[in-house]
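This is start-v2.csv. It holds CSV, N, CA and C atoms.
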chain,number,residue,atom,x,y,z
A,1,MET,N,4.7,2.1,-20.0
A,1,MET,CA,3.6,2.8,-19.5
A,1,MET,C,3.6,2.7,-18.0
A,2,ALA,N,3.4,3.7,-17.2
A,2,ALA,CA,3.3,3.7,-15.8
A,2,ALA,C,2.1,2.9,-15.2
A,3,LEU,N,2.3,2.4,-14.0
A,3,LEU,CA,1.2,1.6,-13.4
A,3,LEU,C,0.8,2.3,-12.1
A,4,ARG,N,-0.4,2.6,-11.9
A,4,ARG,CA,-1.0,3.1,-10.6
A,4,ARG,C,-1.4,1.9,-9.8
A,5,HIS,N,-1.0,1.9,-8.5
A,5,HIS,CA,-1.3,0.9,-7.5
A,5,HIS,C,-1.9,1.5,-6.3
A,6,LEU,N,-3.2,1.2,-6.1
A,6,LEU,CA,-3.9,1.7,-4.9
A,6,LEU,C,-4.3,0.5,-4.0
A,7,VAL,N,-4.1,0.8,-2.7
A,7,VAL,CA,-4.5,-0.3,-1.7
A,7,VAL,C,-5.2,0.4,-0.6
A,8,LEU,N,-6.3,-0.2,-0.2
A,8,LEU,CA,-7.1,0.3,1.0
A,8,LEU,C,-7.0,-0.9,2.0
A,9,PHE,N,-6.3,-0.6,3.1
A,9,PHE,CA,-6.2,-1.6,4.2
A,9,PHE,C,-7.2,-1.3,5.3
A,10,ARG,N,-8.1,-2.2,5.6
A,10,ARG,CA,-9.1,-2.1,6.7
A,10,ARG,C,-8.5,-2.8,7.9
A,11,VAL,N,-8.0,-1.9,8.8
A,11,VAL,CA,-7.3,-2.4,10.0
A,11,VAL,C,-8.4,-3.1,10.9
A,12,TYR,N,-8.0,-4.3,11.4
A,12,TYR,CA,-8.9,-5.0,12.4
A,12,TYR,C,-9.1,-4.2,13.6
A,13,ASP,N,-10.3,-4.2,14.1
A,13,ASP,CA,-10.7,-3.4,15.3
A,13,ASP,C,-9.8,-3.6,16.5
A,14,ALA,N,-9.4,-4.8,16.7
A,14,ALA,CA,-8.6,-5.1,18.0
A,14,ALA,C,-7.1,-4.6,17.9
A,15,VAL,N,-6.7,-4.2,16.7
A,15,VAL,CA,-5.3,-3.8,16.6
A,15,VAL,C,-5.0,-2.5,17.3
A,16,PRO,N,-4.0,-2.5,18.2
A,16,PRO,CA,-3.7,-1.2,19.0
A,16,PRO,C,-3.2,-0.1,18.0
A,17,ASP,N,-3.4,1.1,18.4
A,17,ASP,CA,-3.0,2.3,17.6
A,17,ASP,C,-1.5,2.3,17.4
A,18,ALA,N,-0.7,1.8,18.4
A,18,ALA,CA,0.7,1.8,18.2
A,18,ALA,C,1.1,0.9,17.1
A,19,ASP,N,0.4,-0.2,16.9
A,19,ASP,CA,0.7,-1.2,15.8
A,19,ASP,C,0.3,-0.5,14.4
A,20,VAL,N,-0.7,0.3,14.4
A,20,VAL,CA,-1.1,1.0,13.2
A,20,VAL,C,0.0,2.0,12.8
A,21,ASP,N,0.5,2.7,13.8
A,21,ASP,CA,1.5,3.7,13.6
A,21,ASP,C,2.8,3.0,13.0
A,22,ASP,N,3.1,1.8,13.6
A,22,ASP,CA,4.3,1.0,13.1
A,22,ASP,C,4.0,0.6,11.7
A,23,ALA,N,2.8,0.1,11.4
A,23,ALA,CA,2.4,-0.3,10.0
A,23,ALA,C,2.6,0.8,9.0
A,24,LEU,N,2.2,2.0,9.4
A,24,LEU,CA,2.3,3.2,8.5
A,24,LEU,C,3.8,3.4,8.2
A,25,GLU,N,4.6,3.3,9.2
A,25,GLU,CA,6.1,3.5,9.0
A,25,GLU,C,6.6,2.5,8.0
A,26,GLN,N,6.2,1.2,8.3
A,26,GLN,CA,6.7,0.1,7.4
A,26,GLN,C,6.3,0.3,6.0
A,27,LEU,N,5.0,0.6,5.8
A,27,LEU,CA,4.5,0.8,4.5
A,27,LEU,C,5.2,2.0,3.8
A,28,ALA,N,5.4,3.1,4.6
A,28,ALA,CA,6.0,4.3,4.0
A,28,ALA,C,7.5,3.9,3.5
A,29,SER,N,8.1,3.0,4.2
A,29,SER,CA,9.5,2.7,3.8
A,29,SER,C,9.6,2.0,2.4
A,30,LEU,N,8.5,1.5,2.0
A,30,LEU,CA,8.5,0.8,0.6
A,30,LEU,C,8.6,1.8,-0.5
A,31,GLY,N,8.4,3.1,-0.2
A,31,GLY,CA,8.5,4.1,-1.3
A,31,GLY,C,9.9,4.3,-1.8
A,32,THR,N,10.9,3.8,-1.1
A,32,THR,CA,12.3,4.0,-1.6
A,32,THR,C,12.7,2.8,-2.5
A,33,LEU,N,11.9,1.8,-2.7
A,33,LEU,CA,12.3,0.7,-3.5
A,33,LEU,C,12.4,1.1,-5.0
A,34,PRO,N,13.2,0.4,-5.7
A,34,PRO,CA,13.4,0.7,-7.2
A,34,PRO,C,12.1,0.7,-8.0
A,35,GLY,N,12.0,1.6,-8.9
A,35,GLY,CA,10.8,1.6,-9.8
A,35,GLY,C,9.7,2.4,-9.3
A,36,VAL,N,9.7,2.9,-8.1
A,36,VAL,CA,8.7,3.7,-7.5
A,36,VAL,C,8.8,5.2,-7.9
A,37,LEU,N,7.8,5.7,-8.6
A,37,LEU,CA,7.8,7.1,-9.0
A,37,LEU,C,7.1,8.0,-8.0
A,38,GLU,N,6.0,7.5,-7.4
A,38,GLU,CA,5.3,8.3,-6.4
A,38,GLU,C,4.9,7.3,-5.3
A,39,TRP,N,4.8,7.7,-4.1
A,39,TRP,CA,4.4,6.8,-3.0
A,39,TRP,C,3.8,7.7,-1.8
A,40,THR,N,2.6,7.4,-1.5
A,40,THR,CA,1.9,8.0,-0.4
A,40,THR,C,1.2,7.0,0.4
A,41,VAL,N,1.4,7.1,1.7
A,41,VAL,CA,0.6,6.2,2.7
A,41,VAL,C,0.1,7.1,3.8
A,42,ARG,N,-1.2,7.0,4.0
A,42,ARG,CA,-1.9,7.8,5.0
A,42,ARG,C,-3.0,7.0,5.7
A,43,LEU,N,-3.3,7.5,6.9
A,43,LEU,CA,-4.5,7.0,7.6
A,43,LEU,C,-5.6,7.9,7.2
A,44,SER,N,-6.7,7.2,6.7
A,44,SER,CA,-7.9,8.0,6.2
A,44,SER,C,-8.5,8.8,7.3
A,45,ASP,N,-8.9,10.0,7.0
A,45,ASP,CA,-9.6,10.9,7.9
A,45,ASP,C,-11.0,10.3,8.2
A,46,ASP,N,-11.6,9.6,7.2
A,46,ASP,CA,-13.0,9.1,7.4
A,46,ASP,C,-12.9,7.8,8.2
A,47,ARG,N,-13.5,7.8,9.3
A,47,ARG,CA,-13.4,6.6,10.2
A,47,ARG,C,-14.8,5.9,10.3
A,48,ARG,N,-15.7,6.2,9.4
A,48,ARG,CA,-17.1,5.6,9.5
A,48,ARG,C,-17.0,4.1,9.3
A,49,LYS,N,-16.1,3.6,8.6
A,49,LYS,CA,-16.0,2.1,8.4
A,49,LYS,C,-14.8,1.5,9.1
A,50,GLY,N,-14.2,2.3,10.1
A,50,GLY,CA,-13.0,1.8,10.8
A,50,GLY,C,-11.8,2.5,10.4
A,51,ARG,N,-10.7,2.0,10.8
A,51,ARG,CA,-9.4,2.6,10.4
A,51,ARG,C,-8.9,2.1,9.1
A,52,ILE,N,-8.7,3.0,8.1
A,52,ILE,CA,-8.3,2.6,6.8
A,52,ILE,C,-7.0,3.2,6.5
A,53,LEU,N,-6.0,2.4,6.1
A,53,LEU,CA,-4.8,2.9,5.6
A,53,LEU,C,-4.8,3.0,4.1
A,54,VAL,N,-4.5,4.1,3.5
A,54,VAL,CA,-4.5,4.3,2.1
A,54,VAL,C,-3.1,4.4,1.5
A,55,GLU,N,-2.9,3.5,0.5
A,55,GLU,CA,-1.6,3.5,-0.1
A,55,GLU,C,-1.8,3.8,-1.6
A,56,ASN,N,-1.1,4.9,-2.1
A,56,ASN,CA,-1.3,5.3,-3.5
A,56,ASN,C,0.1,5.4,-4.1
A,57,ALA,N,0.4,4.6,-5.1
A,57,ALA,CA,1.7,4.5,-5.6
A,57,ALA,C,1.6,4.5,-7.2
A,58,LEU,N,2.7,5.0,-7.7
A,58,LEU,CA,2.9,5.0,-9.2
A,58,LEU,C,4.3,4.4,-9.4
A,59,PHE,N,4.3,3.4,-10.3
A,59,PHE,CA,5.5,2.7,-10.7
A,59,PHE,C,5.8,3.0,-12.2
A,60,GLU,N,7.1,2.9,-12.5
A,60,GLU,CA,7.6,3.2,-13.8
A,60,GLU,C,6.9,2.4,-14.9
A,61,SER,N,6.6,1.2,-14.5
A,61,SER,CA,6.1,0.2,-15.5
A,61,SER,C,5.5,-0.9,-14.8
A,62,ARG,N,4.8,-1.8,-15.5
A,62,ARG,CA,4.2,-3.0,-15.0
A,62,ARG,C,5.4,-3.9,-14.5
A,63,GLU,N,6.5,-3.9,-15.3
A,63,GLU,CA,7.6,-4.7,-14.9
A,63,GLU,C,8.2,-4.3,-13.6
A,64,ALA,N,8.3,-3.0,-13.4
A,64,ALA,CA,8.9,-2.4,-12.1
A,64,ALA,C,7.9,-2.8,-11.0
A,65,PHE,N,6.6,-2.8,-11.2
A,65,PHE,CA,5.7,-3.2,-10.2
A,65,PHE,C,5.8,-4.7,-9.8
A,66,GLU,N,6.0,-5.5,-10.9
A,66,GLU,CA,6.1,-7.0,-10.6
A,66,GLU,C,7.4,-7.3,-9.8
A,67,ALA,N,8.5,-6.5,-10.1
A,67,ALA,CA,9.7,-6.7,-9.3
A,67,ALA,C,9.5,-6.2,-7.9
A,68,PHE,N,8.8,-5.2,-7.7
A,68,PHE,CA,8.4,-4.7,-6.4
A,68,PHE,C,7.7,-5.7,-5.6
A,69,ARG,N,6.7,-6.4,-6.2
A,69,ARG,CA,5.9,-7.3,-5.5
A,69,ARG,C,6.7,-8.5,-4.9
A,70,VAL,N,7.8,-8.9,-5.5
A,70,VAL,CA,8.6,-10.0,-5.0
A,70,VAL,C,9.8,-9.5,-4.2
A,71,HIS,N,10.0,-8.2,-4.1
A,71,HIS,CA,11.2,-7.7,-3.3
A,71,HIS,C,11.0,-8.1,-1.9
A,72,PRO,N,12.1,-8.6,-1.2
A,72,PRO,CA,12.0,-9.1,0.1
A,72,PRO,C,11.4,-8.1,1.1
A,73,GLN,N,11.7,-6.8,1.0
A,73,GLN,CA,11.1,-5.8,1.9
A,73,GLN,C,9.6,-5.8,1.8
A,74,HIS,N,9.1,-5.8,0.5
A,74,HIS,CA,7.6,-5.8,0.3
A,74,HIS,C,7.0,-7.1,0.9
A,75,VAL,N,7.7,-8.2,0.6
A,75,VAL,CA,7.2,-9.5,1.1
A,75,VAL,C,7.1,-9.5,2.7
A,76,GLN,N,8.1,-8.9,3.3
A,76,GLN,CA,8.1,-8.8,4.8
A,76,GLN,C,7.0,-7.9,5.3
A,77,VAL,N,6.8,-6.8,4.7
A,77,VAL,CA,5.7,-5.8,5.1
A,77,VAL,C,4.3,-6.5,4.8
A,78,SER,N,4.2,-7.2,3.7
A,78,SER,CA,2.9,-7.8,3.4
A,78,SER,C,2.6,-8.9,4.5
A,79,THR,N,3.6,-9.6,5.0
A,79,THR,CA,3.4,-10.6,6.0
A,79,THR,C,2.9,-9.9,7.3
A,80,VAL,N,3.5,-8.7,7.7
A,80,VAL,CA,3.0,-8.0,8.8
A,80,VAL,C,1.6,-7.5,8.6
A,81,MET,N,1.3,-7.0,7.4
A,81,MET,CA,-0.1,-6.5,7.2
A,81,MET,C,-1.2,-7.5,7.2
A,82,ARG,N,-0.8,-8.8,6.9
A,82,ARG,CA,-1.8,-9.9,7.0
A,82,ARG,C,-2.3,-10.0,8.4
A,83,GLU,N,-1.5,-9.7,9.4
A,83,GLU,CA,-1.9,-9.9,10.8
A,83,GLU,C,-2.7,-8.7,11.3
A,84,LEU,N,-2.7,-7.6,10.5
A,84,LEU,CA,-3.3,-6.4,11.0
A,84,LEU,C,-4.6,-6.0,10.3
A,85,ALA,N,-4.7,-6.4,9.0
A,85,ALA,CA,-5.8,-5.9,8.2
A,85,ALA,C,-6.2,-6.8,7.0
A,86,ASP,N,-7.4,-6.5,6.5
A,86,ASP,CA,-7.8,-7.0,5.2
A,86,ASP,C,-7.5,-5.9,4.2
A,87,TRP,N,-7.4,-6.2,2.9
A,87,TRP,CA,-7.2,-5.1,2.0
A,87,TRP,C,-7.7,-5.3,0.6
A,88,TRP,N,-7.9,-4.2,-0.1
A,88,TRP,CA,-8.5,-4.3,-1.5
A,88,TRP,C,-7.5,-3.5,-2.4
A,89,ILE,N,-7.3,-4.0,-3.6
A,89,ILE,CA,-6.3,-3.4,-4.5
A,89,ILE,C,-6.9,-3.0,-5.8
A,90,GLY,N,-6.4,-1.9,-6.3
A,90,GLY,CA,-6.8,-1.4,-7.6
A,90,GLY,C,-5.5,-1.1,-8.4
A,91,ASP,N,-5.2,-1.7,-9.5
A,91,ASP,CA,-4.1,-1.5,-10.3
A,91,ASP,C,-4.5,-1.1,-11.7
A,92,TYR,N,-3.9,-0.1,-12.3
A,92,TYR,CA,-4.3,0.2,-13.7
A,92,TYR,C,-3.1,1.0,-14.3
A,93,GLU,N,-3.1,0.9,-15.7
A,93,GLU,CA,-2.0,1.7,-16.4
A,93,GLU,C,-2.4,3.1,-16.5
A,94,GLU,N,-1.5,4.0,-16.2
A,94,GLU,CA,-1.7,5.4,-16.3
A,94,GLU,C,-1.5,5.8,-17.7
A,95,PRO,N,-2.4,6.7,-18.2
A,95,PRO,CA,-2.2,7.1,-19.6
A,95,PRO,C,-1.0,8.0,-19.7
A,96,ALA,N,-0.3,7.9,-20.8
A,96,ALA,CA,0.9,8.7,-21.1
A,96,ALA,C,0.5,10.2,-21.1
A,97,ASP,N,1.4,11.1,-20.6
A,97,ASP,CA,1.1,12.5,-20.7
A,97,ASP,C,1.1,12.9,-22.2
A,98,THR,N,0.2,13.8,-22.6
A,98,THR,CA,0.2,14.2,-24.0
A,98,THR,C,0.5,15.7,-24.0
Can I see the file as structure tokens?
Amino acid sequence: MALRHLVLFRVYDAVPDADVDDALEQLASLGTLPGVLEWTVRLSDDRRKGRILVENALFESREAFEAFRVHPQHVQVSTVMRELADWWIGDYEEPADT
């Protein structure tokens, strides 16, 4: 069963826009990793609570997602993001198409 992975990154106020642009590029690059079926990363249009990066992904399976989490490229991007933002995650199994 496919796994949906949603992340909202709240960028720290002091982070320069150029660093946010770089973070978007790094996050977008993760969409090419094995097991990814869908991958979207965008800067939210709603700025009432600050700059929010939205990551919306779909993985082939929970196993594919677990492999993604430990992939060196994901680990490296996560390290970068720790310096730029706090984040909240929502993961759930997608119902099979009927």
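Across A:Arg42, A:His74, A:Arg4, A:Arg10, the tightest approach to Ala57 in chain A is made by A:Arg4 when counting only C-alpha atoms.
The shortest atom-to-atom distance to Glu38 in chain A, with only C-alpha atoms taken into account, belongs to A:Leu58 out of A:Leu58, A:Leu53, A:Glu25, A:Asp19.
Distance annotation: of A:Ala18, A:Ile52, A:Val41, A:Leu8, the residue with the minimal separation from Trp87 in chain A is A:Leu8; atom set is only C-alpha atoms.
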Which of chain A DSSP labels helix (DSSP H, G or I), written as a ChimeraX atom specification: /A:17-32,62-70,72-84
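The closest residue to Ala23 in chain A, picked from A:Ile89, A:Val80, A:Ala96, A:Met1 and counting all atoms listed in the file, is A:Val80.
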Arg62 in chain A environment, 6 Å, all atoms listed in the file, sequence neighbours closer than 2 positions dropped, as a list in words: Met1, Ala2, Leu3, Phe59, Glu60, Ala64, Phe65, Glu66 and Ala67 of chain A
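Nearest residue to Leu30 in chain A, choosing from A:Gln73, A:Ala85, A:Arg47, A:Gly90 and counting only N, CA and C atoms: A:Gln73.
Nearest residue to Asp13 in chain A among A:Met81, A:Tyr92, A:Pro72, A:Lys49 is A:Lys49, counting only C-alpha atoms.
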